[in-house]
Amino acid sequence: MEFLLDFLGTDYIALFIIIGIGIFLGGIKIKGVSFDSSAVIFVAIFYGYWLNIQGVEFELPEIIQKIGLLLFIFTIGMQAGPSFFEVFKSQGAKLIILAVLSVVIGTITTALLSIGFDVDYKISVGLLTGALTSTPGLAAAIEASNSPLASIGYGIAYPFGVIGVILFVKLSPKLFGAKISKEEENYIREAQSKIPEVTNRNFEITNDNIEGRTIKDLDIRMMTKANISRIMSPNTMSVAPTAEAILHKGDVVKAVGTEEALKRVEVLLGHSTDVEIPASGLMEVKWYVVSRRNVVNKSLKELNVKRNFKATVTRVRRAGIDLSARPTLKLRYGDRLLISSSKGNVAALSHILGDSMKEVETTSFLPVALGCVVGLLLGAIEIPLPGGSSFSLGITGGVLIAALVLSRIGKTGPIIWNLPVVGNQILRQFGLLLFLTPVGLAAGSKIAPTINEYGLNLFGIGAIITLVPMIIVVIIGRLIFKVNFLSLLGALTGGMTSTPGLTAVDSMTTTEGPQVAYATVYPFALVTIIICAQILGSL
């Protein structure tokens with residue numbers, strides 16, 4: 001038995017045992033509900049509790065949790081960054097209000113329960129930060145209260161703060177009658193509605209004023225916001241358009257653009273037609289991937305493939321969404337461009353754009369390392385508050401903001417702030433597992449001694465502080481603000497500063513809705529928790 005305890009109490013052995021069992025159990029579905037990667041934390045809690053009752057004092061090195069947190073938060077910011085600012089503009093205000101509201105409701109609930117059950121505010125502020133799983137909030141609480149009682153309250157409320165949020169977000173779709181598949185469809189539809197769909201249509205030139213004029217003379221792109229990808233004269237093969245191409249009545253052209261752009265083409269050139277334009281042996285329509293670093297952040301106008309290669313970019317595909325090929329559109333690493341050109345220019349276009357999926361899908365750790373350093377420096381900055389106190393964003397807030405901004409910038413000198421989808425997912429999963437395991441072990445080891453010393457009352461108060469804000473926020477977000485349920489859960493976990501909660505939501509959907517919402521609200525929730533903890537702790 002002693003040998004077994006020594007074996008199971010070895011840090012790296014325990015780490016992999018917990019991860020292995022957690023992943024296995026997380027894949028089991030009961031009535032369609034599974035905990036996925038979040039099951040690791042439950043296994044870790046039980047593992048820590050079991051070792052504790054066996055008399056084994058055990059915890060994983062703190063650096064494991066910090067590295068896991070860094071990787072997880074950085075990859076979330078990298079994935080959410082390109083959409084973060086658009087979402088902030090469109091529905092960010094609602095999400096931020098909901099997140100801040102969850103913290104304020106939690107604080108009010110804590111104050112009322114403290115009065116009702118005659119609990120010392122120095123313990124209560126710890127219960128608040130533990131219920132909201134906020135370590136930066138605990139630091140602010142200890143500083144404001146100048147008492148170790150805050151850390152005791154934190155230890156009591158933290159286990160349910162972790163477990164309660166996971167259980168709530170997993171069960172909430174059934175509790176509130178939300179169908180995840182329908183919410184995913186609505187989210188995708190809303191995201192695409194903000195970016196007009198790009199399509200194509202053939203038009204027969206019937207306008208007398210077009211006869212004998214070139215594409216350059218007409219400035220079709222500027223006039224209509226659409227691109228001409230092919231031209232076919234009567235009884236001739238189709239050709240790739242050039243700026244000097246002369247248009248005649250009876251010609252059939254293929255135009256690519258949004259529905260509004262195609263309507264303008266019809267007004268300018270003539271009516272749409274069902275006449276097909278056959279492919280010509282002299283031209284090639286091909287997708288190219290942007291993998292060369294020196295074209296990242298350059299606009300299509302700067303690239304000027306029409307003049308340089310007698311080619312036309314008809315559309316740009318980014319993260320699965322087709323964008324209109326506007327001259328001002330700046331290219332991002334991994335963008336795919338549909339280009340119509342002569343066959344002789346295919347090799348040259350491939351060379352200038354890179355056109356290497358292998359390179360795009362290769363994960364570089366340089367942006368991860370440098371991005372984390374930038375985030376840690378940002379998180380270490382002390383921001384002064386009225387009254388002489390101060391707060392900092394900490395590891396989570398600093399790294400998240402750094403990742404959001406860097407992914408939006410896209411490129412700095414030779415550094416591409418980009419993580420391929422597959423690489424991002426692997427790093428995020430790895431970071432998550434490293435983060436959840438020590439968190440669960442620490443919570444499990446505290447359950448028995450805290451129950452023996454303080455009884456169950458404080459656990460019940462902590463559970464209420466965790467649950468009440470979530471219930472109220474979901475009701476307000478669902479019934480009043482009409483927020484997409486996936487974004488609502490992301491904002492909720494951001495407001496509760498619950499990274500494990502986010503992982504539970506993340507496993508329920510293939511969209512980035514929860515991650516974007518979490519990233520949008522987290523900095524605001526973090527600041528609100530710190531301020532509320534300082535106020536409550538100073539009472």
# chains A, B, ... in the order shown; residues from 1 in each chain; ligands from 1
call {"tool": "residues_around", "arguments": {"residues": "Asn227 in chain A", "least_positions_apart": "5", "cutoff": "10 Å", "atoms": "only C-alpha atoms", "output": "list in words"}}
result
Asn200, Ile220, Arg221, Met222, Pro241, Lys254, Ala255, Val256, Gly257, Ala261, Leu262, Val265, Thr312, Val313, Thr314, Arg315, Ser324, Ala325 and Arg326 of chain A
call {"tool": "select_by_dssp", "arguments": {"residues": "range 98-344 of chain A", "states": "strand (DSSP E)", "output": "number ranges by chain"}}
result
A: 199-204, 213-214, 227-232, 246-247, 252-257, 283-289, 312-318, 321-324, 336-342
call {"tool": "select_by_dssp", "arguments": {"residues": "range 32-174 of chain A", "states": "helix (DSSP H, G or I)", "output": "PyMOL selection string"}}
result
chain A and resi 36-53+62-116+121-131+135-145+149-174
call {"tool": "closest_atom_pairs", "arguments": {"of": "range 505-539 of chain A", "to": "range 150-171 of chain A", "cutoff": "9 Å", "atoms": "only C-alpha atoms", "output": "CSV"}}
result
residue,atom,partner,partner_atom,distance
A:Val505,CA,A:Val169,CA,6.4
A:Met508,CA,A:Lys170,CA,8.1
A:Gly537,CA,A:Ala150,CA,8.3
call {"tool": "write_last_selection", "arguments": {"atoms": "C-alpha atoms", "output": "PDB file, in the first residue's frame"}}
result
ATOM      1  CA  VAL A 505     -19.153  25.719 -22.998  1.00  0.00           C
ATOM      2  CA  MET A 508     -20.645  22.143 -26.573  1.00  0.00           C
ATOM      3  CA  GLY A 537     -13.111  43.919   2.150  1.00  0.00           C
TER       4      GLY A 537
END
call {"tool": "atom_distance", "arguments": {"atom1": "CA of Thr224 in chain A", "atom2": "CA of Arg264 in chain A"}}
result
5.3 Å
call {"tool": "atom_distance", "arguments": {"atom1": "CA of Gly379 in chain A", "atom2": "CA of Gly495 in chain A"}}
result
18.4 Å
call {"tool": "closest_residue", "arguments": {"among": "A:Asn345, A:Asn294, A:Gln534, A:Thr520", "to": "Pro414 in chain A", "atoms": "only C-alpha atoms"}}
result
A:Asn294
